[in-house]
Amino acid sequence: MHREHPLTGRIWDVKAGRFVDAEALRDALAQARFVVLGERHDQPDHHQLQAWLVQSLATGGRKPALAFEMLDVGQQAAVDASRSRAPGDADALALAVDWAGSGWPDWSLYRPVFAAGLAAGLPIVAANLPRAQVRDLVMRGPEALAPELRQRLSLDTPLPEAVEQAMRQEQDEAHCGHLPKEMLGPMVQAQRARDAHLADRLLSAATDPGGVLITGNGHARTDRGVPAQLAARAPGQDVRSVGLLEVDPKLREPADYAASFGAQSLPFDYVWFTPAVPMEDPCAALLKHHKK
């Protein structure tokens, strides 16, 4: 939808305040040690663009680590075993990690990104916390994690109040106002833990050319997502974030999209605007579930 929108297909350099072409974006990302590529998970255009960027970053013999939010650390052994048996076979990897039963969108959407990484011989990194561990974290707090991991992820350090409030509001909106207020804090803690863990895995798995992370736009935010965690953990290292955003007929200028992130300016280094695909109202589905 909205192919005729004036922003469709255009790339906005947030800091420079100007549009750039795909080659300029590719060249800028190639200079970074860490690249975070956002997405809407079920948006096919986003995965095609990610695949092109991964291919672009793997030229000239460069082999950055390619990390995925969609795989948790418990699946790393299955990833490695699949790579050993069938090094370039993306579909074999999907079977090895039981993608069909994972709850992530259909494999056909993500296949181009994995195929690009495998074709280039990049290390494939399972980067997320296991869901059971996240549930434990929500129910029990940071004590659910091993002390060494908790310290490494800096979860015992309080967030600035403004950031805490913004993240609580974000969780409230994400759950359509149905989440009990006492659960907002634990959900913020879980989001924070995932951001920190994704950054931790990217740092530990980075090769000489660095690493690339495939993740949702929320984790790709420069103000409090994975890029912020990387900047804190690896000061001086160049980190670039790309948000892949669908155009909205009501929003005609790049700056108009900042409000949807509760921010004064877009929380990415670059934004690549794409057409939109239909999406079921998540709040309508949740309301229906509650009525049942």
# chains A, B, ... in the order shown; residues from 1 in each chain; ligands from 1
$ select_by_dssp --residues "segment 22-181 of chain A" --states "strand (DSSP E or B)" --output "PyMOL selection string"
chain A and resi 34-37+65-72+124-128
$ write_last_selection --atoms "N, CA and C atoms" --output "PDB file, in the first residue's frame"
ATOM      1  N   PHE A  34      29.619  -2.000  14.044  1.00  0.00           N
ATOM      2  CA  PHE A  34      28.361  -2.682  14.335  1.00  0.00           C
ATOM      3  C   PHE A  34      27.225  -2.017  13.580  1.00  0.00           C
ATOM      4  N   VAL A  35      26.395  -2.837  12.947  1.00  0.00           N
ATOM      5  CA  VAL A  35      25.246  -2.354  12.189  1.00  0.00           C
ATOM      6  C   VAL A  35      23.998  -3.041  12.737  1.00  0.00           C
ATOM      7  N   VAL A  36      22.990  -2.258  13.078  1.00  0.00           N
ATOM      8  CA  VAL A  36      21.725  -2.788  13.590  1.00  0.00           C
ATOM      9  C   VAL A  36      20.646  -2.482  12.560  1.00  0.00           C
ATOM     10  N   LEU A  37      20.038  -3.525  12.008  1.00  0.00           N
ATOM     11  CA  LEU A  37      19.020  -3.377  10.972  1.00  0.00           C
ATOM     12  C   LEU A  37      17.649  -3.691  11.556  1.00  0.00           C
ATOM     13  N   ALA A  65      29.925 -10.983  11.693  1.00  0.00           N
ATOM     14  CA  ALA A  65      28.970 -11.902  12.311  1.00  0.00           C
ATOM     15  C   ALA A  65      27.558 -11.407  12.017  1.00  0.00           C
ATOM     16  N   LEU A  66      26.638 -12.331  11.743  1.00  0.00           N
ATOM     17  CA  LEU A  66      25.254 -11.978  11.452  1.00  0.00           C
ATOM     18  C   LEU A  66      24.377 -12.544  12.565  1.00  0.00           C
ATOM     19  N   ALA A  67      23.885 -11.657  13.418  1.00  0.00           N
ATOM     20  CA  ALA A  67      23.123 -12.060  14.605  1.00  0.00           C
ATOM     21  C   ALA A  67      21.636 -11.818  14.388  1.00  0.00           C
ATOM     22  N   PHE A  68      20.811 -12.652  15.017  1.00  0.00           N
ATOM     23  CA  PHE A  68      19.363 -12.575  14.849  1.00  0.00           C
ATOM     24  C   PHE A  68      18.651 -12.530  16.202  1.00  0.00           C
ATOM     25  N   GLU A  69      17.741 -11.557  16.342  1.00  0.00           N
ATOM     26  CA  GLU A  69      16.841 -11.554  17.491  1.00  0.00           C
ATOM     27  C   GLU A  69      15.964 -12.800  17.485  1.00  0.00           C
ATOM     28  N   MET A  70      15.654 -13.334  16.305  1.00  0.00           N
ATOM     29  CA  MET A  70      14.680 -14.418  16.146  1.00  0.00           C
ATOM     30  C   MET A  70      15.205 -15.773  16.625  1.00  0.00           C
ATOM     31  N   LEU A  71      16.498 -15.841  16.920  1.00  0.00           N
ATOM     32  CA  LEU A  71      17.091 -17.073  17.444  1.00  0.00           C
ATOM     33  C   LEU A  71      17.606 -16.804  18.846  1.00  0.00           C
ATOM     34  N   ASP A  72      17.306 -17.712  19.796  1.00  0.00           N
ATOM     35  CA  ASP A  72      17.831 -17.505  21.149  1.00  0.00           C
ATOM     36  C   ASP A  72      19.070 -18.359  21.368  1.00  0.00           C
ATOM     37  N   ILE A 124      26.602 -17.256  11.834  1.00  0.00           N
ATOM     38  CA  ILE A 124      25.196 -17.011  12.190  1.00  0.00           C
ATOM     39  C   ILE A 124      25.088 -17.111  13.710  1.00  0.00           C
ATOM     40  N   VAL A 125      24.606 -16.036  14.329  1.00  0.00           N
ATOM     41  CA  VAL A 125      24.620 -15.934  15.787  1.00  0.00           C
ATOM     42  C   VAL A 125      23.193 -15.881  16.338  1.00  0.00           C
ATOM     43  N   ALA A 126      22.869 -16.810  17.217  1.00  0.00           N
ATOM     44  CA  ALA A 126      21.599 -16.783  17.944  1.00  0.00           C
ATOM     45  C   ALA A 126      21.776 -15.813  19.109  1.00  0.00           C
ATOM     46  N   ALA A 127      21.005 -14.716  19.111  1.00  0.00           N
ATOM     47  CA  ALA A 127      21.355 -13.597  19.992  1.00  0.00           C
ATOM     48  C   ALA A 127      20.381 -13.324  21.130  1.00  0.00           C
ATOM     49  N   ASN A 128      19.186 -13.863  21.083  1.00  0.00           N
ATOM     50  CA  ASN A 128      18.175 -13.469  22.067  1.00  0.00           C
ATOM     51  C   ASN A 128      18.239 -14.313  23.340  1.00  0.00           C
TER      52      ASN A 128
END
$ select_by_dssp --residues "segment 42-93 of chain A" --states "helix (DSSP H, G or I)" --output "PyMOL selection string"
chain A and resi 44-57+73-85+90-93
$ atom_distance --atom1 "atom CA of Gly216 of chain A" --atom2 "atom CA of Ala58 of chain A"
21.4 Å
$ closest_residue --among "A:Val188, A:Ala193, A:Val277, A:Ala78" --to "Asp98 of chain A" --atoms "only C-alpha atoms"
A:Ala78
$ residues_around --residues "Leu244 of chain A" --least-positions-apart "2" --cutoff "10 Å" --atoms "only C-alpha atoms" --output "ChimeraX atom specification"
/A:11,37-40,43,45-47,49-50,216-217,220,241-242,246-247,268,270-274
$ write_last_selection --atoms "C-alpha atoms" --output "mmCIF file, in the first residue's frame"
data_model
loop_
_atom_site.group_PDB
_atom_site.id
_atom_site.type_symbol
_atom_site.label_atom_id
_atom_site.label_comp_id
_atom_site.auth_asym_id
_atom_site.auth_seq_id
_atom_site.Cartn_x
_atom_site.Cartn_y
_atom_site.Cartn_z
ATOM 1 C CA ILE A 11 16.404 6.888 2.710
ATOM 2 C CA LEU A 37 19.020 -3.377 10.972
ATOM 3 C CA GLY A 38 15.454 -2.852 12.197
ATOM 4 C CA GLU A 39 12.233 -4.197 10.737
ATOM 5 C CA ARG A 40 8.549 -4.813 11.131
ATOM 6 C CA GLN A 43 6.960 -7.027 6.378
ATOM 7 C CA ASP A 45 9.964 -5.550 1.869
ATOM 8 C CA HIS A 46 11.965 -5.091 5.065
ATOM 9 C CA HIS A 47 13.545 -8.522 4.794
ATOM 10 C CA LEU A 49 16.179 -4.774 1.992
ATOM 11 C CA GLN A 50 17.971 -6.410 4.928
ATOM 12 C CA GLY A 216 12.724 -5.253 15.386
ATOM 13 C CA ASN A 217 12.684 -1.481 15.082
ATOM 14 C CA ALA A 220 17.153 -0.833 16.849
ATOM 15 C CA SER A 241 21.301 1.847 13.086
ATOM 16 C CA VAL A 242 18.797 1.613 10.235
ATOM 17 C CA GLU A 246 6.320 1.869 6.525
ATOM 18 C CA VAL A 247 4.945 5.100 5.107
ATOM 19 C CA PHE A 268 17.857 5.858 14.202
ATOM 20 C CA TYR A 270 19.072 6.196 8.944
ATOM 21 C CA VAL A 271 15.462 5.467 8.037
ATOM 22 C CA TRP A 272 14.517 3.600 4.874
ATOM 23 C CA PHE A 273 10.846 4.210 4.075
ATOM 24 C CA THR A 274 8.884 1.384 2.456
#
$ residues_around --residues "Gln75 of chain A" --least-positions-apart "5" --cutoff "9 Å" --atoms "only C-alpha atoms" --output "PyMOL selection string"
chain A and resi 80+96-97+126+130
$ write_last_selection --atoms "N, CA and C atoms" --output "CSV table (one decimal), in the first residue's frame"
chain,number,residue,atom,x,y,z
A,80,ASP,N,24.8,-24.3,14.7
A,80,ASP,CA,26.2,-24.7,14.3
A,80,ASP,C,26.2,-26.1,13.7
A,96,ALA,N,16.4,-27.2,11.5
A,96,ALA,CA,17.2,-27.4,12.7
A,96,ALA,C,16.7,-26.7,13.9
A,97,VAL,N,16.3,-25.4,13.7
A,97,VAL,CA,15.8,-24.6,14.8
A,97,VAL,C,14.3,-24.6,15.0
A,126,ALA,N,22.9,-16.8,17.2
A,126,ALA,CA,21.6,-16.8,17.9
A,126,ALA,C,21.8,-15.8,19.1
A,130,PRO,N,16.4,-16.8,25.9
A,130,PRO,CA,15.3,-17.8,25.7
A,130,PRO,C,14.0,-17.2,26.3
$ residues_around --residues "Gly177 of chain A" --least-positions-apart "3" --cutoff "12 Å" --atoms "only C-alpha atoms" --output "list in words"
Arg168, Gln169, Glu170, Gln171, Asp172, Glu173, Ala174, Pro180, Lys181, Met183, Leu184, Pro282, Cys283, Ala284, Leu286, Leu287 and His290 of chain A
$ write_last_selection --atoms "C-alpha atoms" --output "PDB file, in the first residue's frame"
ATOM      1  CA  ARG A 168       6.367   1.941  30.738  1.00  0.00           C
ATOM      2  CA  GLN A 169       4.060   3.937  28.486  1.00  0.00           C
ATOM      3  CA  GLU A 170       5.361   2.032  25.473  1.00  0.00           C
ATOM      4  CA  GLN A 171       4.585  -1.296  27.139  1.00  0.00           C
ATOM      5  CA  ASP A 172       1.129  -0.067  28.149  1.00  0.00           C
ATOM      6  CA  GLU A 173       0.346   0.929  24.559  1.00  0.00           C
ATOM      7  CA  ALA A 174       1.847  -2.270  23.159  1.00  0.00           C
ATOM      8  CA  PRO A 180      -1.979  -4.615  34.923  1.00  0.00           C
ATOM      9  CA  LYS A 181      -0.057  -1.546  36.062  1.00  0.00           C
ATOM     10  CA  MET A 183       3.324  -5.591  35.379  1.00  0.00           C
ATOM     11  CA  LEU A 184       4.621  -2.562  33.470  1.00  0.00           C
ATOM     12  CA  PRO A 282      -3.578  -6.056  17.498  1.00  0.00           C
ATOM     13  CA  CYS A 283      -5.797  -4.313  20.038  1.00  0.00           C
ATOM     14  CA  ALA A 284      -8.950  -5.623  18.365  1.00  0.00           C
ATOM     15  CA  LEU A 286      -6.630  -8.675  22.206  1.00  0.00           C
ATOM     16  CA  LEU A 287     -10.067  -7.237  23.057  1.00  0.00           C
ATOM     17  CA  HIS A 290     -10.424 -10.744  26.704  1.00  0.00           C
TER      18      HIS A 290
END
$ residues_around --residues "Ser56 of chain A" --least-positions-apart "4" --cutoff "12 Å" --atoms "only C-alpha atoms" --output "ChimeraX atom specification"
/A:22-31,49-52,60-64,113,116-117,120,212
$ write_last_selection --atoms "N, CA, C and O atoms" --output "tab-separated table (two decimals), in the first residue's frame"
chain	number	residue	atom	x	y	z
A	22	ALA	N	20.87	4.56	-1.93
A	22	ALA	CA	21.20	3.26	-1.33
A	22	ALA	C	22.70	3.02	-1.29
A	22	ALA	O	23.22	2.43	-0.33
A	23	GLU	N	23.42	3.49	-2.30
A	23	GLU	CA	24.87	3.29	-2.33
A	23	GLU	C	25.54	4.08	-1.21
A	23	GLU	O	26.49	3.60	-0.59
A	24	ALA	N	25.05	5.29	-0.95
A	24	ALA	CA	25.62	6.09	0.14
A	24	ALA	C	25.37	5.42	1.49
A	24	ALA	O	26.25	5.41	2.37
A	25	LEU	N	24.18	4.85	1.65
A	25	LEU	CA	23.89	4.12	2.89
A	25	LEU	C	24.80	2.92	3.02
A	25	LEU	O	25.39	2.69	4.09
A	26	ARG	N	24.94	2.16	1.95
A	26	ARG	CA	25.81	0.98	1.97
A	26	ARG	C	27.24	1.36	2.37
A	26	ARG	O	27.86	0.71	3.21
A	27	ASP	N	27.75	2.44	1.78
A	27	ASP	CA	29.12	2.87	2.08
A	27	ASP	C	29.27	3.31	3.53
A	27	ASP	O	30.29	3.04	4.19
A	28	ALA	N	28.24	4.00	4.05
A	28	ALA	CA	28.29	4.46	5.45
A	28	ALA	C	28.27	3.28	6.41
A	28	ALA	O	29.00	3.26	7.41
A	29	LEU	N	27.43	2.28	6.12
A	29	LEU	CA	27.34	1.11	6.99
A	29	LEU	C	28.63	0.29	6.94
A	29	LEU	O	29.03	-0.30	7.95
A	30	ALA	N	29.27	0.27	5.78
A	30	ALA	CA	30.50	-0.51	5.64
A	30	ALA	C	31.62	0.06	6.51
A	30	ALA	O	32.57	-0.66	6.85
A	31	GLN	N	31.53	1.31	6.90
A	31	GLN	CA	32.55	1.93	7.75
A	31	GLN	C	32.31	1.65	9.24
A	31	GLN	O	33.18	1.94	10.06
A	49	LEU	N	15.18	-5.84	1.84
A	49	LEU	CA	16.18	-4.77	1.99
A	49	LEU	C	17.30	-5.21	2.94
A	49	LEU	O	18.48	-4.92	2.69
A	50	GLN	N	16.94	-5.90	4.02
A	50	GLN	CA	17.97	-6.41	4.93
A	50	GLN	C	18.91	-7.36	4.19
A	50	GLN	O	20.13	-7.31	4.38
A	51	ALA	N	18.33	-8.23	3.37
A	51	ALA	CA	19.15	-9.20	2.62
A	51	ALA	C	20.13	-8.46	1.70
A	51	ALA	O	21.30	-8.84	1.60
A	52	TRP	N	19.65	-7.42	1.03
A	52	TRP	CA	20.53	-6.65	0.15
A	52	TRP	C	21.66	-5.99	0.94
A	52	TRP	O	22.82	-5.99	0.52
A	60	GLY	N	33.97	-8.19	-0.79
A	60	GLY	CA	35.42	-8.01	-0.64
A	60	GLY	C	36.04	-8.89	0.42
A	60	GLY	O	37.05	-8.53	1.03
A	61	GLY	N	35.41	-10.05	0.67
A	61	GLY	CA	35.97	-10.96	1.66
A	61	GLY	C	35.62	-10.63	3.10
A	61	GLY	O	36.06	-11.30	4.03
A	62	ARG	N	34.83	-9.57	3.32
A	62	ARG	CA	34.43	-9.22	4.69
A	62	ARG	C	33.42	-10.25	5.19
A	62	ARG	O	32.51	-10.63	4.48
A	63	LYS	N	33.57	-10.67	6.43
A	63	LYS	CA	32.66	-11.65	7.00
A	63	LYS	C	32.22	-11.22	8.41
A	63	LYS	O	32.63	-11.83	9.41
A	64	PRO	N	31.42	-10.17	8.51
A	64	PRO	CA	30.92	-9.79	9.84
A	64	PRO	C	29.99	-10.88	10.39
A	64	PRO	O	29.36	-11.62	9.62
A	113	VAL	N	17.19	-13.24	4.11
A	113	VAL	CA	18.25	-12.70	4.98
A	113	VAL	C	19.22	-13.81	5.38
A	113	VAL	O	20.45	-13.64	5.31
A	116	ALA	N	21.28	-14.91	2.36
A	116	ALA	CA	22.36	-13.96	2.05
A	116	ALA	C	23.55	-14.18	2.97
A	116	ALA	O	24.71	-14.18	2.53
A	117	GLY	N	23.29	-14.37	4.26
A	117	GLY	CA	24.37	-14.60	5.21
A	117	GLY	C	25.09	-15.91	4.96
A	117	GLY	O	26.33	-15.98	5.00
A	120	ALA	N	27.33	-15.92	1.87
A	120	ALA	CA	28.58	-15.19	2.08
A	120	ALA	C	29.49	-15.85	3.11
A	120	ALA	O	30.58	-15.37	3.39
A	212	VAL	N	26.54	-7.61	12.45
A	212	VAL	CA	25.27	-7.06	11.99
A	212	VAL	C	24.17	-7.76	12.77
A	212	VAL	O	24.20	-8.99	12.94
$ residues_around --residues "Pro275 of chain A" --least-positions-apart "4" --cutoff "9 Å" --atoms "only C-alpha atoms" --output "PDB file with N, CA and C atoms, in the first residue's frame"
ATOM      1  N   MET A   1       0.840  -1.191   0.000  1.00  0.00           N
ATOM      2  CA  MET A   1       0.000   0.000   0.000  1.00  0.00           C
ATOM      3  C   MET A   1       0.884   1.254   0.000  1.00  0.00           C
ATOM      4  N   HIS A   2       0.331   2.347  -0.533  1.00  0.00           N
ATOM      5  CA  HIS A   2       0.944   3.691  -0.476  1.00  0.00           C
ATOM      6  C   HIS A   2       2.255   3.779  -1.262  1.00  0.00           C
ATOM      7  N   ARG A   3       2.344   3.070  -2.366  1.00  0.00           N
ATOM      8  CA  ARG A   3       3.543   3.159  -3.212  1.00  0.00           C
ATOM      9  C   ARG A   3       3.757   4.575  -3.748  1.00  0.00           C
ATOM     10  N   GLU A   4       2.643   5.321  -3.870  1.00  0.00           N
ATOM     11  CA  GLU A   4       2.732   6.666  -4.436  1.00  0.00           C
ATOM     12  C   GLU A   4       3.139   7.707  -3.401  1.00  0.00           C
ATOM     13  N   HIS A   5       3.298   7.303  -2.148  1.00  0.00           N
ATOM     14  CA  HIS A   5       3.676   8.233  -1.079  1.00  0.00           C
ATOM     15  C   HIS A   5       5.029   8.871  -1.411  1.00  0.00           C
ATOM     16  N   LEU A   7       7.546   9.572   0.298  1.00  0.00           N
ATOM     17  CA  LEU A   7       8.713   9.019   0.994  1.00  0.00           C
ATOM     18  C   LEU A   7       9.024   7.579   0.600  1.00  0.00           C
ATOM     19  N   THR A   8       8.111   6.911  -0.069  1.00  0.00           N
ATOM     20  CA  THR A   8       8.306   5.494  -0.383  1.00  0.00           C
ATOM     21  C   THR A   8       9.604   5.255  -1.148  1.00  0.00           C
ATOM     22  N   GLY A   9      10.428   4.367  -0.618  1.00  0.00           N
ATOM     23  CA  GLY A   9      11.687   4.015  -1.259  1.00  0.00           C
ATOM     24  C   GLY A   9      12.839   4.954  -0.954  1.00  0.00           C
ATOM     25  N   ASP A  45       9.023  -6.531   2.417  1.00  0.00           N
ATOM     26  CA  ASP A  45       9.964  -5.550   1.869  1.00  0.00           C
ATOM     27  C   ASP A  45      11.156  -5.345   2.798  1.00  0.00           C
ATOM     28  N   LEU A 245      10.866   1.672   8.050  1.00  0.00           N
ATOM     29  CA  LEU A 245       9.547   2.154   8.456  1.00  0.00           C
ATOM     30  C   LEU A 245       8.588   2.196   7.282  1.00  0.00           C
ATOM     31  N   GLU A 246       7.375   1.770   7.534  1.00  0.00           N
ATOM     32  CA  GLU A 246       6.320   1.869   6.525  1.00  0.00           C
ATOM     33  C   GLU A 246       5.787   3.301   6.466  1.00  0.00           C
ATOM     34  N   VAL A 247       5.498   3.753   5.255  1.00  0.00           N
ATOM     35  CA  VAL A 247       4.945   5.100   5.107  1.00  0.00           C
ATOM     36  C   VAL A 247       3.495   5.130   5.569  1.00  0.00           C
ATOM     37  N   ASP A 248       3.071   6.328   5.982  1.00  0.00           N
ATOM     38  CA  ASP A 248       1.711   6.567   6.451  1.00  0.00           C
ATOM     39  C   ASP A 248       1.167   7.747   5.646  1.00  0.00           C
TER      40      ASP A 248
END
$ closest_residue --among "A:Phe114, A:Thr59, A:Gly218, A:Lys250" --to "Leu266 of chain A" --atoms "only C-alpha atoms"
A:Gly218
$ atom_distance --atom1 "atom CA of Ile214 of chain A" --atom2 "atom CA of Leu198 of chain A"
9.9 Å
$ closest_residue --among "A:Pro227, A:Pro112, A:Pro160, A:Gly210" --to "Ala196 of chain A" --atoms "only C-alpha atoms"
A:Pro227
$ atom_distance --atom1 "atom CA of His219 of chain A" --atom2 "atom CA of Glu143 of chain A"
22.9 Å
$ closest_residue --among "A:Arg194, A:Arg10, A:Arg150, A:Lys15" --to "Asp269 of chain A" --atoms "only C-alpha atoms"
A:Lys15
$ closest_residue --among "A:Arg152, A:Gly243, A:Arg111, A:Pro44" --to "Ala92 of chain A" --atoms "only C-alpha atoms"
A:Arg111
$ decode --residues "segment 267-284 of chain A" --atoms "N, CA, C and O atoms" --output "short mmCIF file (atom, residue, chain, number, x, y, z; two decimals), in the first residue's frame"
data_model
loop_
_atom_site.label_atom_id
_atom_site.label_comp_id
_atom_site.auth_asym_id
_atom_site.auth_seq_id
_atom_site.Cartn_x
_atom_site.Cartn_y
_atom_site.Cartn_z
N PRO A 267 14.68 7.98 16.24
CA PRO A 267 15.75 7.34 17.02
C PRO A 267 16.54 6.30 16.22
O PRO A 267 16.72 5.15 16.64
N PHE A 268 17.03 6.71 15.06
CA PHE A 268 17.86 5.86 14.20
C PHE A 268 18.90 6.75 13.54
O PHE A 268 18.75 7.97 13.50
N ASP A 269 19.93 6.14 12.98
CA ASP A 269 20.89 6.91 12.19
C ASP A 269 20.36 7.14 10.78
O ASP A 269 20.56 8.20 10.19
N TYR A 270 19.69 6.11 10.26
CA TYR A 270 19.07 6.20 8.94
C TYR A 270 17.69 5.58 9.01
O TYR A 270 17.46 4.64 9.79
N VAL A 271 16.78 6.07 8.17
CA VAL A 271 15.46 5.47 8.04
C VAL A 271 15.21 5.21 6.56
O VAL A 271 15.36 6.12 5.73
N TRP A 272 14.87 3.97 6.25
CA TRP A 272 14.52 3.60 4.87
C TRP A 272 13.00 3.40 4.87
O TRP A 272 12.48 2.51 5.53
N PHE A 273 12.31 4.25 4.12
CA PHE A 273 10.85 4.21 4.08
C PHE A 273 10.38 3.22 3.01
O PHE A 273 10.91 3.20 1.89
N THR A 274 9.38 2.42 3.36
CA THR A 274 8.88 1.38 2.46
C THR A 274 7.37 1.51 2.30
O THR A 274 6.70 2.16 3.11
N PRO A 275 6.83 0.86 1.28
CA PRO A 275 5.37 0.75 1.23
C PRO A 275 4.88 0.02 2.48
O PRO A 275 5.67 -0.57 3.22
N ALA A 276 3.58 0.07 2.69
CA ALA A 276 2.99 -0.61 3.85
C ALA A 276 2.28 -1.87 3.40
O ALA A 276 1.90 -2.01 2.24
N VAL A 277 2.15 -2.81 4.31
CA VAL A 277 1.31 -3.99 4.07
C VAL A 277 0.21 -3.99 5.12
O VAL A 277 0.39 -3.48 6.23
N PRO A 278 -0.96 -4.56 4.78
CA PRO A 278 -2.07 -4.56 5.75
C PRO A 278 -1.67 -5.25 7.04
O PRO A 278 -0.87 -6.19 7.05
N MET A 279 -2.21 -4.77 8.14
CA MET A 279 -1.93 -5.36 9.45
C MET A 279 -3.22 -5.39 10.26
O MET A 279 -3.93 -4.39 10.34
N GLU A 280 -3.51 -6.54 10.82
CA GLU A 280 -4.67 -6.66 11.70
C GLU A 280 -4.45 -5.81 12.94
O GLU A 280 -3.33 -5.74 13.46
N ASP A 281 -5.50 -5.15 13.39
CA ASP A 281 -5.40 -4.33 14.60
C ASP A 281 -5.11 -5.24 15.79
O ASP A 281 -5.97 -6.04 16.18
N PRO A 282 -3.91 -5.15 16.39
CA PRO A 282 -3.58 -6.06 17.50
C PRO A 282 -4.47 -5.83 18.71
O PRO A 282 -4.75 -6.75 19.48
N CYS A 283 -4.93 -4.60 18.88
CA CYS A 283 -5.80 -4.31 20.04
C CYS A 283 -7.18 -4.93 19.86
O CYS A 283 -7.79 -5.38 20.83
N ALA A 284 -7.65 -4.99 18.62
CA ALA A 284 -8.95 -5.62 18.37
C ALA A 284 -8.88 -7.11 18.68
O ALA A 284 -9.79 -7.68 19.28
#
